>>> print(open('protein.cif').read())   # mmCIF, C-alpha atoms
data_query
loop_
_atom_site.group_PDB
_atom_site.id
_atom_site.type_symbol
_atom_site.label_atom_id
_atom_site.label_comp_id
_atom_site.auth_asym_id
_atom_site.auth_seq_id
_atom_site.Cartn_x
_atom_site.Cartn_y
_atom_site.Cartn_z
ATOM 1 C CA ASP A 455 45.355 -9.427 -81.394
ATOM 2 C CA ASN A 456 42.522 -6.980 -82.000
ATOM 3 C CA THR A 457 41.269 -7.768 -85.533
ATOM 4 C CA THR A 458 39.793 -4.287 -85.945
ATOM 5 C CA ASN A 459 43.030 -2.444 -85.298
ATOM 6 C CA GLY A 460 46.351 -4.250 -85.323
ATOM 7 C CA TYR A 461 47.933 -1.604 -83.108
ATOM 8 C CA ASN A 462 45.895 -2.684 -80.100
ATOM 9 C CA ARG A 463 46.095 -5.757 -77.896
ATOM 10 C CA ASP A 464 43.755 -7.370 -75.405
ATOM 11 C CA TYR A 465 45.061 -9.033 -72.252
ATOM 12 C CA TRP A 466 42.856 -11.444 -70.315
ATOM 13 C CA ALA A 467 43.696 -12.898 -66.916
ATOM 14 C CA ILE A 468 42.245 -14.703 -63.934
ATOM 15 C CA ILE A 469 43.478 -13.409 -60.570
ATOM 16 C CA VAL A 470 42.603 -15.668 -57.641
ATOM 17 C CA ILE A 471 42.095 -13.552 -54.499
ATOM 18 C CA ALA A 472 41.372 -16.165 -51.836
ATOM 19 C CA GLY A 473 40.687 -19.831 -51.300
ATOM 20 C CA HIS A 474 37.540 -19.064 -49.328
ATOM 21 C CA GLU A 475 34.371 -16.972 -49.451
ATOM 22 C CA LEU A 476 34.743 -13.213 -48.908
ATOM 23 C CA GLU A 477 32.308 -10.835 -47.267
ATOM 24 C CA ALA A 478 32.705 -8.050 -49.827
ATOM 25 C CA ILE A 479 35.009 -6.155 -52.158
ATOM 26 C CA THR A 480 34.777 -2.436 -51.432
ATOM 27 C CA ASN A 481 37.243 -0.995 -53.970
ATOM 28 C CA ILE A 482 39.472 -2.089 -56.833
ATOM 29 C CA TYR A 483 42.393 0.001 -58.098
ATOM 30 C CA ALA A 484 44.111 -0.188 -61.494
ATOM 31 C CA GLY A 485 47.515 1.235 -60.677
ATOM 32 C CA GLU A 486 46.667 4.271 -58.528
ATOM 33 C CA THR A 487 43.288 4.841 -60.203
ATOM 34 C CA ALA A 488 40.157 3.893 -58.283
ATOM 35 C CA MET A 489 37.992 1.877 -60.650
ATOM 36 C CA THR A 490 34.334 2.807 -61.174
ATOM 37 C CA ALA A 491 31.788 0.349 -59.774
ATOM 38 C CA LYS A 492 29.256 -0.553 -62.464
ATOM 39 C CA GLY A 493 27.074 -2.806 -60.327
ATOM 40 C CA GLY A 494 26.842 -6.564 -60.551
ATOM 41 C CA ASN A 495 30.423 -6.962 -59.286
ATOM 42 C CA LYS A 496 31.822 -5.063 -62.285
ATOM 43 C CA TRP A 497 34.514 -2.362 -62.127
ATOM 44 C CA THR A 498 36.004 -0.377 -65.008
ATOM 45 C CA THR A 499 38.389 2.344 -66.117
ATOM 46 C CA GLU A 500 38.945 3.348 -69.723
ATOM 47 C CA TYR A 501 41.421 0.532 -70.311
ATOM 48 C CA VAL A 502 40.934 -1.911 -67.430
ATOM 49 C CA HIS A 503 37.726 -3.907 -66.965
ATOM 50 C CA ILE A 504 37.072 -6.397 -64.160
ATOM 51 C CA GLU A 505 34.334 -8.657 -62.888
ATOM 52 C CA TYR A 506 34.563 -10.189 -59.421
ATOM 53 C CA TYR A 507 33.375 -13.771 -58.985
ATOM 54 C CA GLU A 508 32.407 -14.841 -55.499
ATOM 55 C CA TYR A 509 33.282 -18.164 -53.965
ATOM 56 C CA SER A 510 31.518 -21.220 -55.339
ATOM 57 C CA THR A 511 31.701 -24.801 -54.110
ATOM 58 C CA SER A 512 31.079 -26.095 -57.640
ATOM 59 C CA ALA A 513 33.640 -25.755 -60.423
ATOM 60 C CA ARG A 514 33.306 -22.850 -62.828
ATOM 61 C CA ASN A 515 34.876 -22.951 -66.265
ATOM 62 C CA ILE A 516 36.391 -19.933 -67.995
ATOM 63 C CA LEU A 517 34.283 -20.834 -71.016
ATOM 64 C CA SER A 518 31.199 -19.778 -69.060
ATOM 65 C CA ILE A 519 32.654 -16.633 -67.442
ATOM 66 C CA ASN A 520 31.416 -13.254 -68.567
ATOM 67 C CA TRP A 521 34.347 -10.924 -69.211
ATOM 68 C CA VAL A 522 33.800 -7.176 -68.954
ATOM 69 C CA LYS A 523 35.175 -5.798 -72.215
ATOM 70 C CA ASN A 524 34.793 -2.017 -72.039
ATOM 71 C CA SER A 525 34.276 0.945 -69.703
ATOM 72 C CA ASN A 526 30.496 0.723 -70.204
ATOM 73 C CA GLY A 527 30.445 -2.617 -68.416
ATOM 74 C CA ASN A 528 29.445 -4.654 -71.485
ATOM 75 C CA VAL A 529 30.383 -8.323 -71.328
ATOM 76 C CA GLU A 530 31.273 -11.200 -73.574
ATOM 77 C CA THR A 531 31.705 -14.892 -72.822
ATOM 78 C CA GLY A 532 35.084 -16.593 -72.913
ATOM 79 C CA ASN A 533 35.392 -19.022 -75.812
ATOM 80 C CA ASN A 534 38.892 -20.424 -76.107
ATOM 81 C CA LEU A 535 40.186 -21.578 -72.738
ATOM 82 C CA GLY A 536 38.861 -24.087 -70.251
ATOM 83 C CA LEU A 537 40.157 -23.926 -66.678
ATOM 84 C CA PRO A 538 37.995 -25.207 -63.815
ATOM 85 C CA LEU A 539 37.832 -22.940 -60.774
ATOM 86 C CA SER A 540 36.245 -24.025 -57.516
ATOM 87 C CA ASN A 541 36.459 -23.018 -53.862
ATOM 88 C CA VAL A 542 38.086 -19.698 -54.733
ATOM 89 C CA ALA A 543 37.143 -16.032 -55.077
ATOM 90 C CA PHE A 544 38.647 -14.514 -58.223
ATOM 91 C CA LEU A 545 38.745 -11.600 -60.661
ATOM 92 C CA ALA A 546 38.264 -11.875 -64.427
ATOM 93 C CA VAL A 547 40.510 -9.085 -65.728
ATOM 94 C CA HIS A 548 40.558 -7.484 -69.184
ATOM 95 C CA GLN A 549 43.193 -4.879 -70.014
ATOM 96 C CA VAL A 550 43.582 -3.078 -73.317
ATOM 97 C CA PHE A 551 46.894 -1.974 -74.832
ATOM 98 C CA ASP A 552 46.156 1.116 -76.944
ATOM 99 C CA GLY A 553 49.067 0.974 -79.350
ATOM 100 C CA GLU A 554 47.407 3.349 -81.801
ATOM 101 C CA ASN A 555 47.402 6.201 -79.274
ATOM 102 C CA THR A 556 50.367 4.902 -77.272
ATOM 103 C CA LYS A 557 48.280 4.662 -74.098
ATOM 104 C CA ASN A 558 48.162 2.029 -71.411
ATOM 105 C CA THR A 559 51.174 0.290 -72.882
ATOM 106 C CA ALA A 560 52.015 -1.563 -69.655
ATOM 107 C CA LEU A 561 49.952 -3.786 -67.412
ATOM 108 C CA GLU A 562 48.394 -1.961 -64.485
ATOM 109 C CA ALA A 563 48.849 -3.522 -61.075
ATOM 110 C CA ILE A 564 45.481 -4.578 -59.667
ATOM 111 C CA THR A 565 44.853 -3.848 -55.974
ATOM 112 C CA VAL A 566 41.738 -5.018 -54.151
ATOM 113 C CA LYS A 567 40.316 -3.620 -50.913
ATOM 114 C CA LEU A 568 38.189 -6.338 -49.398
ATOM 115 C CA GLN A 569 36.417 -7.331 -46.237
ATOM 116 C CA GLY A 570 37.534 -10.705 -45.074
ATOM 117 C CA LYS A 571 36.678 -14.314 -44.814
ATOM 118 C CA LYS A 572 33.175 -15.574 -44.101
ATOM 119 C CA ILE A 573 33.288 -18.039 -41.219
ATOM 120 C CA ARG A 574 30.906 -20.006 -39.043
ATOM 121 C CA THR A 575 29.662 -18.026 -36.058
ATOM 122 C CA ILE A 576 28.748 -19.243 -32.573
ATOM 123 C CA THR A 577 25.007 -18.934 -31.994
ATOM 124 C CA ASN A 578 24.809 -19.983 -28.341
ATOM 125 C CA ALA A 579 26.531 -22.205 -25.769
ATOM 126 C CA THR A 580 25.702 -25.364 -27.721
ATOM 127 C CA THR A 581 25.438 -24.322 -31.385
ATOM 128 C CA ILE A 582 27.834 -23.393 -34.188
ATOM 129 C CA ALA A 583 25.908 -21.859 -37.092
ATOM 130 C CA THR A 584 25.960 -23.792 -40.354
ATOM 131 C CA SER A 585 25.758 -20.609 -42.442
ATOM 132 C CA LYS A 586 28.787 -18.326 -42.716
ATOM 133 C CA SER A 587 29.224 -14.605 -42.193
ATOM 134 C CA TYR A 588 31.987 -12.084 -41.552
ATOM 135 C CA SER A 589 33.140 -11.747 -37.947
ATOM 136 C CA THR A 590 35.836 -9.813 -36.095
ATOM 137 C CA ASN A 591 35.184 -11.598 -32.797
ATOM 138 C CA PRO A 592 38.412 -13.346 -31.674
ATOM 139 C CA ALA A 593 36.505 -16.401 -30.386
ATOM 140 C CA GLU A 594 34.881 -17.065 -33.763
ATOM 141 C CA ILE A 595 38.125 -16.438 -35.647
ATOM 142 C CA LEU A 596 39.922 -18.868 -33.367
ATOM 143 C CA LEU A 597 37.170 -21.450 -33.892
ATOM 144 C CA ASP A 598 37.700 -21.197 -37.667
ATOM 145 C CA LEU A 599 41.471 -21.590 -37.289
ATOM 146 C CA LEU A 600 41.027 -24.730 -35.211
ATOM 147 C CA THR A 601 38.326 -26.401 -37.298
ATOM 148 C CA THR A 602 39.304 -25.235 -40.797
ATOM 149 C CA GLY A 603 43.027 -24.729 -40.317
ATOM 150 C CA LEU A 604 43.798 -27.693 -38.060
ATOM 151 C CA ASP A 605 40.859 -29.974 -38.973
ATOM 152 C CA ILE A 606 39.714 -30.326 -35.366
ATOM 153 C CA ALA A 607 36.219 -31.834 -35.251
ATOM 154 C CA ASP A 608 33.342 -29.826 -33.796
ATOM 155 C CA ALA A 609 32.820 -32.661 -31.309
ATOM 156 C CA ASP A 610 36.246 -31.862 -29.839
ATOM 157 C CA ILE A 611 35.381 -28.180 -29.257
ATOM 158 C CA ASP A 612 33.915 -27.007 -25.955
ATOM 159 C CA ILE A 613 31.373 -24.683 -27.573
ATOM 160 C CA ALA A 614 30.190 -23.287 -24.237
ATOM 161 C CA THR A 615 33.633 -21.857 -23.422
ATOM 162 C CA PHE A 616 33.960 -20.371 -26.903
ATOM 163 C CA TYR A 617 30.518 -18.772 -26.608
ATOM 164 C CA GLN A 618 31.437 -17.335 -23.195
ATOM 165 C CA ALA A 619 34.686 -16.014 -24.677
ATOM 166 C CA LYS A 620 32.722 -14.494 -27.559
ATOM 167 C CA THR A 621 30.462 -12.748 -25.041
ATOM 168 C CA ASP A 622 33.436 -11.569 -22.967
ATOM 169 C CA CYS A 623 35.102 -10.131 -26.086
ATOM 170 C CA SER A 624 31.906 -8.354 -27.120
ATOM 171 C CA ASN A 625 31.432 -6.891 -23.640
ATOM 172 C CA ALA A 626 35.048 -5.721 -23.482
ATOM 173 C CA GLY A 627 35.053 -4.327 -27.030
ATOM 174 C CA PHE A 628 37.790 -6.733 -28.129
ATOM 175 C CA THR A 629 37.927 -7.329 -31.902
ATOM 176 C CA CYS A 630 40.493 -8.970 -34.154
ATOM 177 C CA ASP A 631 41.230 -7.250 -37.470
ATOM 178 C CA ILE A 632 44.143 -9.174 -38.903
ATOM 179 C CA ALA A 633 45.249 -9.683 -42.500
ATOM 180 C CA LEU A 634 46.931 -12.986 -43.321
ATOM 181 C CA ILE A 635 48.572 -12.215 -46.647
ATOM 182 C CA GLN A 636 51.338 -14.789 -46.695
ATOM 183 C CA GLN A 637 52.027 -18.274 -45.484
ATOM 184 C CA ALA A 638 52.673 -18.456 -41.756
ATOM 185 C CA ASN A 639 52.871 -21.041 -39.022
ATOM 186 C CA ILE A 640 49.310 -21.535 -37.784
ATOM 187 C CA GLN A 641 50.461 -21.584 -34.162
ATOM 188 C CA SER A 642 51.890 -18.081 -34.583
ATOM 189 C CA ILE A 643 48.632 -16.937 -36.205
ATOM 190 C CA ILE A 644 46.668 -18.313 -33.257
ATOM 191 C CA SER A 645 49.023 -16.454 -30.902
ATOM 192 C CA ASP A 646 48.352 -13.226 -32.813
ATOM 193 C CA VAL A 647 44.593 -13.738 -32.421
ATOM 194 C CA LEU A 648 44.932 -14.502 -28.699
ATOM 195 C CA ALA A 649 46.969 -11.309 -28.246
ATOM 196 C CA THR A 650 43.955 -9.221 -29.252
ATOM 197 C CA CYS A 651 41.828 -10.371 -26.325
ATOM 198 C CA ARG A 652 44.035 -11.693 -23.490
ATOM 199 C CA GLY A 653 42.855 -15.150 -24.489
ATOM 200 C CA ASN A 654 44.082 -18.619 -23.599
ATOM 201 C CA ILE A 655 43.337 -21.879 -25.354
ATOM 202 C CA PHE A 656 43.847 -25.217 -23.648
ATOM 203 C CA HIS A 657 42.887 -28.883 -23.944
ATOM 204 C CA SER A 658 40.974 -30.313 -20.998
ATOM 205 C CA GLU A 659 38.580 -33.239 -20.555
ATOM 206 C CA SER A 660 39.070 -34.227 -24.222
ATOM 207 C CA LYS A 661 37.880 -30.792 -25.411
ATOM 208 C CA TRP A 662 39.540 -27.642 -26.701
ATOM 209 C CA LYS A 663 38.513 -24.733 -24.493
ATOM 210 C CA PHE A 664 38.897 -20.982 -24.774
ATOM 211 C CA LYS A 665 39.123 -18.535 -21.892
ATOM 212 C CA ILE A 666 39.386 -14.745 -21.778
ATOM 213 C CA ASP A 667 41.444 -13.293 -18.927
ATOM 214 C CA THR A 668 38.936 -10.974 -17.270
ATOM 215 C CA LYS A 669 38.872 -9.231 -13.919
ATOM 216 C CA SER A 670 36.989 -10.571 -10.872
ATOM 217 C CA GLN A 671 36.595 -14.110 -12.164
ATOM 218 C CA SER A 672 34.816 -16.364 -9.689
ATOM 219 C CA LEU A 673 36.578 -19.440 -8.368
ATOM 220 C CA ALA A 674 35.497 -22.520 -10.306
ATOM 221 C CA ASP A 675 36.695 -25.066 -7.765
ATOM 222 C CA THR A 676 38.565 -25.219 -4.480
ATOM 223 C CA LEU A 677 41.936 -26.957 -4.435
ATOM 224 C CA THR A 678 42.302 -29.389 -1.532
ATOM 225 C CA SER A 679 44.959 -31.897 -0.480
ATOM 226 C CA ASP A 680 42.918 -34.607 -2.219
ATOM 227 C CA ASP A 681 43.705 -32.944 -5.547
ATOM 228 C CA VAL A 682 47.474 -33.097 -5.075
ATOM 229 C CA LEU A 683 49.688 -36.110 -5.633
ATOM 230 C CA GLY A 684 51.901 -36.650 -2.573
ATOM 231 C CA ASN A 685 55.211 -34.749 -2.599
ATOM 232 C CA SER A 686 54.405 -33.234 -6.001
ATOM 233 C CA LEU A 687 53.212 -29.716 -5.173
ATOM 234 C CA THR A 688 55.694 -26.908 -5.790
ATOM 235 C CA ILE A 689 54.805 -23.242 -5.423
ATOM 236 C CA SER A 690 57.019 -20.479 -6.730
ATOM 237 C CA MET A 691 56.718 -16.857 -7.814
ATOM 238 C CA ALA A 692 58.562 -14.887 -10.425
ATOM 239 C CA GLY A 693 60.993 -12.311 -9.102
ATOM 240 C CA SER A 694 60.308 -8.608 -9.443
ATOM 241 C CA ALA A 695 63.019 -8.356 -12.093
ATOM 242 C CA THR A 696 60.922 -10.478 -14.464
ATOM 243 C CA ILE A 697 57.476 -8.960 -13.820
ATOM 244 C CA ALA A 698 56.829 -5.906 -15.990
ATOM 245 C CA ASN A 699 55.978 -2.581 -14.388
ATOM 246 C CA LYS A 700 55.838 -0.883 -17.783
ATOM 247 C CA VAL A 701 54.027 -2.274 -20.800
ATOM 248 C CA ILE A 702 54.281 -1.062 -24.397
ATOM 249 C CA LEU A 703 51.655 -2.465 -26.760
ATOM 250 C CA LYS A 704 52.065 -1.935 -30.493
ATOM 251 C CA TYR A 705 48.938 -1.784 -32.633
ATOM 252 C CA ILE A 706 47.789 -0.607 -36.070
ATOM 253 C CA ASP A 707 46.232 2.826 -36.653
ATOM 254 C CA PRO A 708 43.955 2.841 -39.758
ATOM 255 C CA SER A 709 43.550 6.629 -39.545
ATOM 256 C CA ASP A 710 47.306 7.108 -40.067
ATOM 257 C CA GLU A 711 47.987 5.050 -43.203
ATOM 258 C CA TYR A 712 47.803 1.818 -41.147
ATOM 259 C CA LEU A 713 51.116 2.606 -39.463
ATOM 260 C CA SER A 714 52.178 1.130 -36.144
ATOM 261 C CA LYS A 715 51.309 3.072 -32.984
ATOM 262 C CA GLU A 716 52.046 2.415 -29.323
ATOM 263 C CA SER A 717 50.014 2.380 -26.127
ATOM 264 C CA VAL A 718 52.181 2.768 -23.024
ATOM 265 C CA LYS A 719 51.114 2.005 -19.446
ATOM 266 C CA GLU A 720 53.375 2.035 -16.407
ATOM 267 C CA ASP A 721 53.093 1.844 -12.638
ATOM 268 C CA THR A 722 55.518 4.324 -11.042
ATOM 269 C CA THR A 723 54.762 2.991 -7.555
ATOM 270 C CA LEU A 724 55.866 -0.490 -8.587
ATOM 271 C CA GLN A 725 58.912 0.952 -10.350
ATOM 272 C CA THR A 726 59.970 2.648 -7.122
ATOM 273 C CA TYR A 727 59.348 -0.530 -5.143
ATOM 274 C CA ASP A 728 61.260 -2.672 -7.672
ATOM 275 C CA GLY A 729 64.073 -0.164 -7.922
ATOM 276 C CA GLN A 730 64.057 -0.355 -11.716
ATOM 277 C CA VAL A 731 61.860 -0.121 -14.784
ATOM 278 C CA VAL A 732 60.992 -3.561 -16.177
ATOM 279 C CA THR A 733 59.530 -3.159 -19.661
ATOM 280 C CA LYS A 734 57.485 -5.665 -21.636
ATOM 281 C CA ILE A 735 56.754 -5.003 -25.316
ATOM 282 C CA LEU A 736 53.723 -6.652 -26.928
ATOM 283 C CA ASP A 737 52.895 -6.679 -30.646
ATOM 284 C CA ALA A 738 49.139 -6.955 -31.246
ATOM 285 C CA LYS A 739 48.875 -7.127 -35.034
ATOM 286 C CA GLY A 740 45.121 -7.650 -34.978
ATOM 287 C CA VAL A 741 44.314 -4.550 -32.904
ATOM 288 C CA ASP A 742 43.412 -1.361 -34.780
ATOM 289 C CA SER A 743 41.705 0.593 -32.002
ATOM 290 C CA ALA A 744 43.472 2.877 -29.530
ATOM 291 C CA ALA A 745 40.785 2.157 -26.925
ATOM 292 C CA GLN A 746 41.289 -1.607 -27.238
ATOM 293 C CA ALA A 747 45.073 -1.193 -27.152
ATOM 294 C CA ASP A 748 44.848 0.884 -23.967
ATOM 295 C CA LYS A 749 42.558 -1.673 -22.309
ATOM 296 C CA LEU A 750 44.803 -4.605 -23.244
ATOM 297 C CA CYS A 751 47.908 -2.708 -22.193
#
>>> encode(input="protein.cif", output="structure tokens")
Amino acid sequence: DNTTNGYNRDYWAIIVIAGHELEAITNIYAGETAMTAKGGNKWTTEYVHIEYYEYSTSARNILSINWVKNSNGNVETGNNLGLPLSNVAFLAVHQVFDGENTKNTALEAITVKLQGKKIRTITNATTIATSKSYSTNPAEILLDLLTTGLDIADADIDIATFYQAKTDCSNAGFTCDIALIQQANIQSIISDVLATCRGNIFHSESKWKFKIDTKSQSLADTLTSDDVLGNSLTISMAGSATIANKVILKYIDPSDEYLSKESVKEDTTLQTYDGQVVTKILDAKGVDSAAQADKLC
């Protein structure tokens, strides 16, 4: 209750954005209004005032948080609620109900445009960086999913294969721009990341390895009869009815309100040979480039 004018009310809230460190917040909207950046992670409109608090490994208490209290960006310190916050990125939100002038009489929805999670990057064939930064490289995103999401130890990661995959993705222009905004099975998330780069992950020689399907790969080893257990080798090929001769790849187009678009590639010679059109539809949620979609397709 505002003691100066009983018609008005102040609303204070903590909104947790993520349970990890973010690269940046680029815009905040109160309803449909773009808030004005005041510097120092502060954003304001006439009635909505916000300060963004970056990730911290140590607990913060609301008692020590500076709350932006007006459109000039002035702050005051919380004094009546203690709630420890750690390992999260959050907003301290102040909204004013102007009952005297019958303005802003409902809470505005707060929307944040942000650039994603800071993760460990792969420095070279033997080193994972200890510092964190933002990355759209599928190999580094996959590394974070395995080590952070599935608690796989670094010692169980074949860093050399991940570094090679990172290089292959960079050379091919493969990036992964995917938003994980709700709970999902981590295996399906990994599949979505792999779909952005024709990637395969496998466990071999007690290590997790990552490989990008690229053209003209050299033969790593020659298979001989010594490699095959007696009477165990079976060779078969899929029939033409199951091998696609037309591929449709769905991706996201940021220039068109982030709607779904399609890249279509087909081989008419194969279609004639097969006597039918065999279509395969792929959904690459993490692809937002027509050039990358065409190359993958």
>>> resolve_selection(input="protein.cif", expression="the PyMOL selection byres ((chain A and resi 508) around 10)", output="list in words")
Ile471, Ala472, His474, Glu475, Leu476, Glu477, Ala478, Ile479, Asn495, Glu505, Tyr506, Tyr507, Tyr509, Ser510, Asn541, Val542, Ala543, Phe544 and Leu545 of chain A
>>> closest_atom_pairs(input="protein.cif", of="stretch 595-708 of chain A", to="stretch 574-578 of chain A", cutoff="12 Å", atoms="all atoms listed in the file", output="JSON lines")
{"residue": "A:Ile595", "atom": "CA", "partner": "A:Thr575", "partner_atom": "CA", "distance": 8.6}
{"residue": "A:Leu596", "atom": "CA", "partner": "A:Thr575", "partner_atom": "CA", "distance": 10.6}
{"residue": "A:Leu597", "atom": "CA", "partner": "A:Arg574", "partner_atom": "CA", "distance": 8.2}
{"residue": "A:Asp598", "atom": "CA", "partner": "A:Arg574", "partner_atom": "CA", "distance": 7.0}
{"residue": "A:Leu599", "atom": "CA", "partner": "A:Arg574", "partner_atom": "CA", "distance": 10.8}
{"residue": "A:Leu600", "atom": "CA", "partner": "A:Arg574", "partner_atom": "CA", "distance": 11.8}
{"residue": "A:Thr601", "atom": "CA", "partner": "A:Arg574", "partner_atom": "CA", "distance": 9.9}
{"residue": "A:Thr602", "atom": "CA", "partner": "A:Arg574", "partner_atom": "CA", "distance": 10.0}
{"residue": "A:Asp608", "atom": "CA", "partner": "A:Arg574", "partner_atom": "CA", "distance": 11.4}
{"residue": "A:Ile611", "atom": "CA", "partner": "A:Ile576", "partner_atom": "CA", "distance": 11.6}
{"residue": "A:Asp612", "atom": "CA", "partner": "A:Ile576", "partner_atom": "CA", "distance": 11.4}
{"residue": "A:Ile613", "atom": "CA", "partner": "A:Ile576", "partner_atom": "CA", "distance": 7.8}
{"residue": "A:Ala614", "atom": "CA", "partner": "A:Asn578", "partner_atom": "CA", "distance": 7.5}
{"residue": "A:Thr615", "atom": "CA", "partner": "A:Asn578", "partner_atom": "CA", "distance": 10.3}
{"residue": "A:Phe616", "atom": "CA", "partner": "A:Ile576", "partner_atom": "CA", "distance": 7.8}
{"residue": "A:Tyr617", "atom": "CA", "partner": "A:Asn578", "partner_atom": "CA", "distance": 6.1}
{"residue": "A:Gln618", "atom": "CA", "partner": "A:Asn578", "partner_atom": "CA", "distance": 8.8}
{"residue": "A:Ala619", "atom": "CA", "partner": "A:Ile576", "partner_atom": "CA", "distance": 10.4}
{"residue": "A:Lys620", "atom": "CA", "partner": "A:Ile576", "partner_atom": "CA", "distance": 8.0}
{"residue": "A:Thr621", "atom": "CA", "partner": "A:Asn578", "partner_atom": "CA", "distance": 9.8}
>>> residues_around(input="protein.cif", residues="A:Cys651", least_positions_apart="5", cutoff="10 Å", atoms="all atoms listed in the file", output="PyMOL selection string")
chain A and resi 591-593+619+622-623+626-630+646+665-668+738+740-741+746-747+749-750
>>> closest_residue(input="protein.cif", among="A:Gln730, A:Ser743, A:Ser672, A:Thr723", to="A:Ile706", atoms="only C-alpha atoms")
A:Ser743
>>> atom_distance(input="protein.cif", atom1="atom CA of A:Ala579", atom2="atom CA of A:Ser624")
14.9 Å
>>> atom_distance(input="protein.cif", atom1="atom CA of A:Val731", atom2="atom CA of A:Asn699")
6.4 Å
>>> residues_around(input="protein.cif", residues="A:Ile635", least_positions_apart="3", cutoff="12 Å", atoms="all atoms listed in the file", output="PyMOL selection string")
chain A and resi 471-473+570+632+638+643
>>> atom_distance(input="protein.cif", atom1="atom CA of A:Ile519", atom2="atom CA of A:Ile564")
19.2 Å
>>> closest_residue(input="protein.cif", among="A:Ala609, A:Asn558, A:Ala467, A:His657", to="A:Thr580", atoms="all atoms listed in the file")
A:Ala609
>>> closest_residue(input="protein.cif", among="A:Asp728, A:Asp681, A:Glu716, A:Asp721", to="A:Asp748", atoms="only C-alpha atoms")
A:Glu716
>>> closest_residue(input="protein.cif", among="A:Ser512, A:Trp497, A:Ser686, A:Lys719", to="A:Asn524", atoms="all atoms listed in the file")
A:Trp497
>>> resolve_selection(input="protein.cif", expression="the PyMOL selection byres ((chain A and resi 522) around 10)", output="PDB file with C-alpha atoms, keeping the file's coordinate frame")
ATOM      1  CA  LYS A 496      31.822  -5.063 -62.285  1.00  0.00           C
ATOM      2  CA  TRP A 497      34.514  -2.362 -62.127  1.00  0.00           C
ATOM      3  CA  THR A 498      36.004  -0.377 -65.008  1.00  0.00           C
ATOM      4  CA  VAL A 502      40.934  -1.911 -67.430  1.00  0.00           C
ATOM      5  CA  HIS A 503      37.726  -3.907 -66.965  1.00  0.00           C
ATOM      6  CA  ILE A 504      37.072  -6.397 -64.160  1.00  0.00           C
ATOM      7  CA  GLU A 505      34.334  -8.657 -62.888  1.00  0.00           C
ATOM      8  CA  ILE A 519      32.654 -16.633 -67.442  1.00  0.00           C
ATOM      9  CA  ASN A 520      31.416 -13.254 -68.567  1.00  0.00           C
ATOM     10  CA  TRP A 521      34.347 -10.924 -69.211  1.00  0.00           C
ATOM     11  CA  LYS A 523      35.175  -5.798 -72.215  1.00  0.00           C
ATOM     12  CA  ASN A 524      34.793  -2.017 -72.039  1.00  0.00           C
ATOM     13  CA  SER A 525      34.276   0.945 -69.703  1.00  0.00           C
ATOM     14  CA  ASN A 526      30.496   0.723 -70.204  1.00  0.00           C
ATOM     15  CA  GLY A 527      30.445  -2.617 -68.416  1.00  0.00           C
ATOM     16  CA  ASN A 528      29.445  -4.654 -71.485  1.00  0.00           C
ATOM     17  CA  VAL A 529      30.383  -8.323 -71.328  1.00  0.00           C
ATOM     18  CA  GLU A 530      31.273 -11.200 -73.574  1.00  0.00           C
ATOM     19  CA  THR A 531      31.705 -14.892 -72.822  1.00  0.00           C
ATOM     20  CA  ALA A 546      38.264 -11.875 -64.427  1.00  0.00           C
ATOM     21  CA  VAL A 547      40.510  -9.085 -65.728  1.00  0.00           C
ATOM     22  CA  HIS A 548      40.558  -7.484 -69.184  1.00  0.00           C
ATOM     23  CA  GLN A 549      43.193  -4.879 -70.014  1.00  0.00           C
TER      24      GLN A 549
END
>>> closest_residue(input="protein.cif", among="A:Ser658, A:Tyr461, A:Val550, A:Thr590", to="A:Thr499", atoms="only C-alpha atoms")
A:Val550
>>> closest_residue(input="protein.cif", among="A:Val718, A:Met489, A:Leu648, A:Ile735", to="A:Thr565", atoms="all atoms listed in the file")
A:Met489
>>> residues_around(input="protein.cif", residues="stretch 712-715 of chain A", least_positions_apart="5", cutoff="9 Å", atoms="all atoms listed in the file", output="ChimeraX atom specification")
/A:703-707,739,742,744
>>> write_last_selection(input="protein.cif", atoms="C-alpha atoms", output="mmCIF file, keeping the file's coordinate frame")
data_model
loop_
_atom_site.group_PDB
_atom_site.id
_atom_site.type_symbol
_atom_site.label_atom_id
_atom_site.label_comp_id
_atom_site.auth_asym_id
_atom_site.auth_seq_id
_atom_site.Cartn_x
_atom_site.Cartn_y
_atom_site.Cartn_z
ATOM 1 C CA LEU A 703 51.655 -2.465 -26.760
ATOM 2 C CA LYS A 704 52.065 -1.935 -30.493
ATOM 3 C CA TYR A 705 48.938 -1.784 -32.633
ATOM 4 C CA ILE A 706 47.789 -0.607 -36.070
ATOM 5 C CA ASP A 707 46.232 2.826 -36.653
ATOM 6 C CA LYS A 739 48.875 -7.127 -35.034
ATOM 7 C CA ASP A 742 43.412 -1.361 -34.780
ATOM 8 C CA ALA A 744 43.472 2.877 -29.530
#
>>> residues_near_point(input="protein.cif", point="(48.8, -2.1, -69.6)", cutoff="10 Å", atoms="all atoms listed in the file", output="list in words")
Arg463, Asp464, Tyr465, Ala484, Gly485, Tyr501, Val502, His548, Gln549, Val550, Phe551, Asp552, Lys557, Asn558, Thr559, Ala560, Leu561, Glu562 and Ala563 of chain A
>>> residues_around(input="protein.cif", residues="stretch 724-727 of chain A", least_positions_apart="2", cutoff="12 Å", atoms="all atoms listed in the file", output="number ranges by chain")
A: 694-695, 697-701, 720-722, 729-733
>>> residues_around(input="protein.cif", residues="A:Asp610", least_positions_apart="5", cutoff="10 Å", atoms="all atoms listed in the file", output="PyMOL selection string")
chain A and resi 601+657+659-663
